[in-house]
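Worksheet: the structure to be examined is printed underneath.
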Amino acid sequence: MDIHRSLAQRLADQHITTDLLQQLASTGPGALIIANRKAGEYRLTHHRYLRPTQGETVVYAYGDLTHDWDTALLISPHDPWDHITQAANTLAHTCLEWQPWEPITSTRRHFQGQLRQAMFEQGFLLLRRPMFTDRGGMHRLDDTYLDTTRPEITITIAVPYPEPDRGSPIITWCTRRGVFQGCTRSNSGQGARPFAQDVRTNITRVFDQR
């Protein structure tokens, strides 16, 4: 039955189109391309529409596009969109194959979903596709956000995967115009909204003093 097909299998014959990427570009920060399990296709959405219970799989984002654009211009100066489209599809399919979203059903990431919503409420927009890593024996999923009140600042939050325990460490680091500004280590016990509020408070405190 179709329900037993992995997400990678469901979307094996689907492609991110140039038109979809151009819509991503015109939407700007917060724009995301997701793999939609029910429809079996890639769709454009925005961070504001992500909900903790939906378990969306983000495969490409506005920040990925801006990051890849300079390379695309160098490799294919006459048609950078063609290169970007090929690269985005390769990245999306690879992401679905090697990242541990399944094997059969998507893993619910309740805290991460709640945190994404709480960060949006605090004025942060999801900028890049999530990155999975298991370095140092810690399985984690990293989300990178743009601070809309200070667009030169990005925040990356590394959350234990698939779901943090109450005392699990969460690592947050900040860059300003691409330069590392420092990191903090906390835990998920306080909940997603207080955590996001602390991020906003710390950013305001640190950068208002400079």
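For the structure tokens, the naming scheme is as follows: chains receive sequential letters (A, B, ...) according to their order of presentation, residues are indexed from 1 within each chain, and ligands are indexed from 1 in presentation order.
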(request) Check region 40-85 of chain A with DSSP on the backbone and list each residue it calls alpha helix (DSSP H), as a PyMOL selection string. (result) chain A and resi 62-75+80-85
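Residues with any atom within 6 Å of region 33-39 of chain A, counting only C-alpha atoms and excluding same-chain neighbours fewer than 5 positions away, are Leu44, Thr57, Val58, Val59, Tyr60 and Ala61 of chain A.
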Any chance you can output those residues with all heavy atoms as a short mmCIF file (atom, residue, chain, number, x, y, z; two decimals), in the first residue's frame?
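So the final result, stored in part15.cif, reads:
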```cif
data_model
loop_
_atom_site.label_atom_id
_atom_site.label_comp_id
_atom_site.auth_asym_id
_atom_site.auth_seq_id
_atom_site.Cartn_x
_atom_site.Cartn_y
_atom_site.Cartn_z
N LEU A 44 5.36 25.44 -1.98
CA LEU A 44 5.88 26.66 -1.37
C LEU A 44 5.00 27.04 -0.19
O LEU A 44 3.77 27.00 -0.28
CB LEU A 44 5.89 27.80 -2.39
CG LEU A 44 6.41 29.16 -1.89
CD1 LEU A 44 7.91 29.10 -1.64
CD2 LEU A 44 6.08 30.26 -2.90
N THR A 57 8.22 18.73 6.21
CA THR A 57 9.63 18.50 5.94
C THR A 57 10.14 19.62 5.04
O THR A 57 9.79 19.68 3.86
CB THR A 57 9.85 17.13 5.28
OG1 THR A 57 9.39 16.11 6.15
CG2 THR A 57 11.33 16.91 4.99
N VAL A 58 10.94 20.51 5.59
CA VAL A 58 11.50 21.62 4.82
C VAL A 58 12.73 21.12 4.07
O VAL A 58 13.67 20.61 4.68
CB VAL A 58 11.88 22.79 5.74
CG1 VAL A 58 12.48 23.94 4.93
CG2 VAL A 58 10.66 23.28 6.53
N VAL A 59 12.73 21.26 2.75
CA VAL A 59 13.85 20.76 1.95
C VAL A 59 14.68 21.88 1.32
O VAL A 59 15.82 21.64 0.89
CB VAL A 59 13.37 19.80 0.84
CG1 VAL A 59 12.73 18.55 1.45
CG2 VAL A 59 12.41 20.49 -0.11
N TYR A 60 14.14 23.08 1.25
CA TYR A 60 14.88 24.20 0.66
C TYR A 60 14.22 25.48 1.14
O TYR A 60 13.01 25.52 1.37
CB TYR A 60 14.83 24.13 -0.87
CG TYR A 60 15.96 24.85 -1.58
CD1 TYR A 60 17.25 24.33 -1.59
CD2 TYR A 60 15.73 26.04 -2.26
CE1 TYR A 60 18.28 24.97 -2.26
CE2 TYR A 60 16.76 26.69 -2.93
CZ TYR A 60 18.03 26.15 -2.93
OH TYR A 60 19.06 26.79 -3.58
N ALA A 61 15.03 26.54 1.31
CA ALA A 61 14.51 27.78 1.87
C ALA A 61 15.14 28.98 1.19
O ALA A 61 16.11 28.86 0.44
CB ALA A 61 14.76 27.82 3.38
#
```
(request) Give me every strand (DSSP E or B) residue in region 11-203 of chain A, going by DSSP on the backbone, as a PyMOL selection string. (result) chain A and resi 31-36+41-46+57-61+124-126+131-133+140-147+153-160+169-176+179-187
Can you write just those residues out, C-alpha atoms, as a PDB file, in the first residue's frame?
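Output saved as part_28.pdb:
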```
ATOM      1  CA  ALA A  31       9.784  31.384   2.335  1.00  0.00           C
ATOM      2  CA  LEU A  32      10.161  27.591   2.392  1.00  0.00           C
ATOM      3  CA  ILE A  33       9.786  24.679   0.003  1.00  0.00           C
ATOM      4  CA  ILE A  34       8.356  21.678   1.813  1.00  0.00           C
ATOM      5  CA  ALA A  35       7.826  18.042   0.931  1.00  0.00           C
ATOM      6  CA  ASN A  36       4.109  17.483   1.379  1.00  0.00           C
ATOM      7  CA  GLU A  41       4.679  16.921  -4.020  1.00  0.00           C
ATOM      8  CA  TYR A  42       6.860  19.917  -3.271  1.00  0.00           C
ATOM      9  CA  ARG A  43       5.048  23.073  -2.227  1.00  0.00           C
ATOM     10  CA  LEU A  44       5.881  26.662  -1.373  1.00  0.00           C
ATOM     11  CA  THR A  45       4.895  27.895   2.058  1.00  0.00           C
ATOM     12  CA  HIS A  46       6.030  30.434   4.628  1.00  0.00           C
ATOM     13  CA  THR A  57       9.634  18.503   5.944  1.00  0.00           C
ATOM     14  CA  VAL A  58      11.498  21.621   4.818  1.00  0.00           C
ATOM     15  CA  VAL A  59      13.853  20.763   1.950  1.00  0.00           C
ATOM     16  CA  TYR A  60      14.877  24.202   0.661  1.00  0.00           C
ATOM     17  CA  ALA A  61      14.505  27.776   1.874  1.00  0.00           C
ATOM     18  CA  PHE A 124      12.549  35.402  13.783  1.00  0.00           C
ATOM     19  CA  LEU A 125      12.069  33.771  10.375  1.00  0.00           C
ATOM     20  CA  LEU A 126      13.251  30.293   9.420  1.00  0.00           C
ATOM     21  CA  MET A 131      20.473  20.355   9.062  1.00  0.00           C
ATOM     22  CA  PHE A 132      20.783  16.967  10.745  1.00  0.00           C
ATOM     23  CA  THR A 133      24.017  15.967  12.459  1.00  0.00           C
ATOM     24  CA  ARG A 140      20.367  16.931  16.554  1.00  0.00           C
ATOM     25  CA  LEU A 141      18.454  19.062  14.080  1.00  0.00           C
ATOM     26  CA  ASP A 142      19.700  22.618  13.507  1.00  0.00           C
ATOM     27  CA  ASP A 143      17.337  25.427  12.489  1.00  0.00           C
ATOM     28  CA  THR A 144      18.719  28.781  11.319  1.00  0.00           C
ATOM     29  CA  TYR A 145      16.638  31.943  11.737  1.00  0.00           C
ATOM     30  CA  LEU A 146      16.870  35.520  10.494  1.00  0.00           C
ATOM     31  CA  ASP A 147      16.217  38.241  13.066  1.00  0.00           C
ATOM     32  CA  ILE A 153      21.877  38.691  12.600  1.00  0.00           C
ATOM     33  CA  THR A 154      21.144  34.985  12.227  1.00  0.00           C
ATOM     34  CA  ILE A 155      20.447  32.541  15.034  1.00  0.00           C
ATOM     35  CA  THR A 156      21.010  28.786  14.820  1.00  0.00           C
ATOM     36  CA  ILE A 157      19.349  26.516  17.372  1.00  0.00           C
ATOM     37  CA  ALA A 158      20.481  22.888  17.660  1.00  0.00           C
ATOM     38  CA  VAL A 159      17.724  20.697  19.134  1.00  0.00           C
ATOM     39  CA  PRO A 160      18.231  17.010  20.066  1.00  0.00           C
ATOM     40  CA  PRO A 169      20.976  20.386  26.084  1.00  0.00           C
ATOM     41  CA  ILE A 170      20.053  22.881  23.376  1.00  0.00           C
ATOM     42  CA  ILE A 171      22.870  24.866  21.787  1.00  0.00           C
ATOM     43  CA  THR A 172      22.229  28.303  20.304  1.00  0.00           C
ATOM     44  CA  TRP A 173      24.737  30.370  18.365  1.00  0.00           C
ATOM     45  CA  CYS A 174      24.608  33.721  16.666  1.00  0.00           C
ATOM     46  CA  THR A 175      26.323  35.318  13.673  1.00  0.00           C
ATOM     47  CA  ARG A 176      26.353  38.951  12.615  1.00  0.00           C
ATOM     48  CA  VAL A 179      30.817  36.541  11.757  1.00  0.00           C
ATOM     49  CA  PHE A 180      30.399  34.237  14.759  1.00  0.00           C
ATOM     50  CA  GLN A 181      29.266  36.154  17.852  1.00  0.00           C
ATOM     51  CA  GLY A 182      29.105  33.419  20.489  1.00  0.00           C
ATOM     52  CA  CYS A 183      26.943  30.553  21.699  1.00  0.00           C
ATOM     53  CA  THR A 184      24.912  29.484  24.716  1.00  0.00           C
ATOM     54  CA  ARG A 185      23.914  26.116  26.140  1.00  0.00           C
ATOM     55  CA  SER A 186      20.545  25.604  27.819  1.00  0.00           C
ATOM     56  CA  ASN A 187      17.835  22.937  28.017  1.00  0.00           C
TER      57      ASN A 187
END
```
(message) So, with only C-alpha atoms as the atoms that count, which of A:Ala25, A:Ile16, A:Leu50, A:Leu7 lies closest to Leu115 (chain A)?
(response)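 Closest to Leu115 (chain A), using only C-alpha atoms: A:Leu50.
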(message) At a cut-off of 10 Å, using only C-alpha atoms, what residues contact region 67-69 of chain A? Leave out same-chain residues fewer than 4 positions from it and give the result as a PyMOL selection string.
(response) chain A and resi 61-63+73-75+80-81+83-84+87-88+128
Store the residues picked out above, limited to all heavy atoms, as a compact mmCIF listing (two decimals), in the first residue's frame.
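Listing of out-v6.txt after writing:
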```txt
# COMPACT_ATOMS: atom_id res chain seq x y z
N ALA A 61 15.03 26.54 1.31
CA ALA A 61 14.51 27.78 1.87
C ALA A 61 15.14 28.98 1.19
O ALA A 61 16.11 28.86 0.44
CB ALA A 61 14.76 27.82 3.38
N TYR A 62 14.59 30.14 1.49
CA TYR A 62 15.07 31.38 0.87
C TYR A 62 16.57 31.59 1.12
O TYR A 62 17.31 31.98 0.22
CB TYR A 62 14.28 32.57 1.42
CG TYR A 62 14.76 33.90 0.88
CD1 TYR A 62 14.40 34.31 -0.40
CD2 TYR A 62 15.56 34.74 1.65
CE1 TYR A 62 14.85 35.53 -0.91
CE2 TYR A 62 16.00 35.96 1.15
CZ TYR A 62 15.65 36.35 -0.12
OH TYR A 62 16.09 37.55 -0.62
N GLY A 63 17.01 31.29 2.32
CA GLY A 63 18.43 31.45 2.64
C GLY A 63 19.32 30.50 1.86
O GLY A 63 20.48 30.83 1.55
N LEU A 73 25.85 31.77 -10.49
CA LEU A 73 26.29 32.79 -11.44
C LEU A 73 27.67 32.47 -12.01
O LEU A 73 27.95 32.73 -13.18
CB LEU A 73 26.30 34.16 -10.77
CG LEU A 73 24.94 34.84 -10.56
CD1 LEU A 73 25.11 36.12 -9.76
CD2 LEU A 73 24.26 35.13 -11.90
N LEU A 74 28.53 31.91 -11.17
CA LEU A 74 29.87 31.55 -11.63
C LEU A 74 29.84 30.36 -12.58
O LEU A 74 30.53 30.34 -13.61
CB LEU A 74 30.76 31.21 -10.43
CG LEU A 74 31.21 32.39 -9.55
CD1 LEU A 74 31.94 31.87 -8.32
CD2 LEU A 74 32.10 33.34 -10.34
N ILE A 75 29.03 29.37 -12.25
CA ILE A 75 28.98 28.15 -13.05
C ILE A 75 28.16 28.33 -14.32
O ILE A 75 28.52 27.82 -15.39
CB ILE A 75 28.41 26.99 -12.20
CG1 ILE A 75 29.37 26.67 -11.06
CG2 ILE A 75 28.17 25.74 -13.06
CD1 ILE A 75 28.86 25.64 -10.09
N PRO A 80 21.56 31.12 -14.62
CA PRO A 80 21.77 30.65 -13.24
C PRO A 80 20.57 29.88 -12.68
O PRO A 80 20.75 29.00 -11.84
CB PRO A 80 22.01 31.95 -12.45
CG PRO A 80 21.40 33.03 -13.29
CD PRO A 80 21.58 32.59 -14.71
N TRP A 81 19.37 30.18 -13.16
CA TRP A 81 18.19 29.48 -12.65
C TRP A 81 18.22 28.00 -12.99
O TRP A 81 17.74 27.17 -12.21
CB TRP A 81 16.91 30.11 -13.18
CG TRP A 81 16.56 31.39 -12.48
CD1 TRP A 81 16.61 32.65 -12.99
CD2 TRP A 81 16.14 31.52 -11.12
NE1 TRP A 81 16.24 33.56 -12.03
CE2 TRP A 81 15.94 32.90 -10.88
CE3 TRP A 81 15.90 30.62 -10.09
CZ2 TRP A 81 15.52 33.39 -9.64
CZ3 TRP A 81 15.48 31.10 -8.85
CH2 TRP A 81 15.30 32.47 -8.64
N HIS A 83 20.92 26.13 -13.18
CA HIS A 83 21.83 25.50 -12.21
C HIS A 83 21.18 25.41 -10.84
O HIS A 83 21.27 24.37 -10.17
CB HIS A 83 23.13 26.30 -12.12
CG HIS A 83 24.07 25.76 -11.08
ND1 HIS A 83 24.88 24.67 -11.30
CD2 HIS A 83 24.29 26.15 -9.79
CE1 HIS A 83 25.57 24.41 -10.20
NE2 HIS A 83 25.23 25.30 -9.27
N ILE A 84 20.52 26.49 -10.41
CA ILE A 84 19.86 26.50 -9.10
C ILE A 84 18.79 25.41 -9.03
O ILE A 84 18.66 24.70 -8.02
CB ILE A 84 19.23 27.88 -8.83
CG1 ILE A 84 20.31 28.91 -8.48
CG2 ILE A 84 18.20 27.80 -7.71
CD1 ILE A 84 20.90 28.77 -7.10
N ALA A 87 20.45 22.02 -8.70
CA ALA A 87 21.06 21.88 -7.37
C ALA A 87 20.00 21.70 -6.29
O ALA A 87 20.16 20.88 -5.38
CB ALA A 87 21.92 23.11 -7.07
N ALA A 88 18.90 22.44 -6.39
CA ALA A 88 17.83 22.35 -5.39
C ALA A 88 17.19 20.96 -5.41
O ALA A 88 16.88 20.40 -4.36
CB ALA A 88 16.78 23.42 -5.64
N ARG A 128 16.97 28.78 6.61
CA ARG A 128 17.61 27.69 5.87
C ARG A 128 16.88 26.38 6.14
O ARG A 128 16.14 26.24 7.12
CB ARG A 128 19.08 27.54 6.31
CG ARG A 128 19.94 28.78 6.19
CD ARG A 128 20.26 29.13 4.74
NE ARG A 128 21.01 28.10 4.05
CZ ARG A 128 22.35 28.05 4.01
NH1 ARG A 128 23.07 28.96 4.64
NH2 ARG A 128 22.96 27.10 3.33
```
(request) Go ahead and compute the interatomic distance for CA of Leu21 (chain A) and CA of Thr85 (chain A), in Å to one decimal. (result)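 About the pair CA of Leu21 (chain A) and CA of Thr85 (chain A): they are 7.3 Å apart.
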(request) Considering only C-alpha atoms, state which residue in the set A:Thr27, A:Ser168, A:Thr149, A:Gln122 is at the smallest distance from Ala196 (chain A). (result)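 That would be A:Gln122, the residue with the smallest distance to Ala196 (chain A).
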(request) Would you please work out which residue, of A:Leu65, A:Ala72, A:Val199, A:Ala92, is nearest to Ala118 (chain A) when using only C-alpha atoms? (result)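 Closest to Ala118 (chain A) of all the choices is A:Val199.
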(message) Just checking: using only C-alpha atoms, which residue out of A:Glu121, A:Asp208, A:Ala192, A:Arg116 ends up closest to Glu56 (chain A)?
(response)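 Of A:Glu121, A:Asp208, A:Ala192, A:Arg116, the one nearest Glu56 (chain A) is A:Arg116, counting only C-alpha atoms.
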(message) Just to confirm, what's the straight-line distance from CA of Thr94 (chain A) to CA of Leu127 (chain A) in Å (one decimal)?
(response)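 So the two atoms, CA of Thr94 (chain A) and CA of Leu127 (chain A), lie 19.3 Å apart.
Across the structure, CA of Asp198 (chain A) and CA of Thr66 (chain A) are spaced 28.5 Å apart.
Proximity ranking of A:Ala8, A:Leu20, A:Met138, A:Thr71 relative to Gly40 (chain A) places A:Ala8 first, based on only C-alpha atoms.
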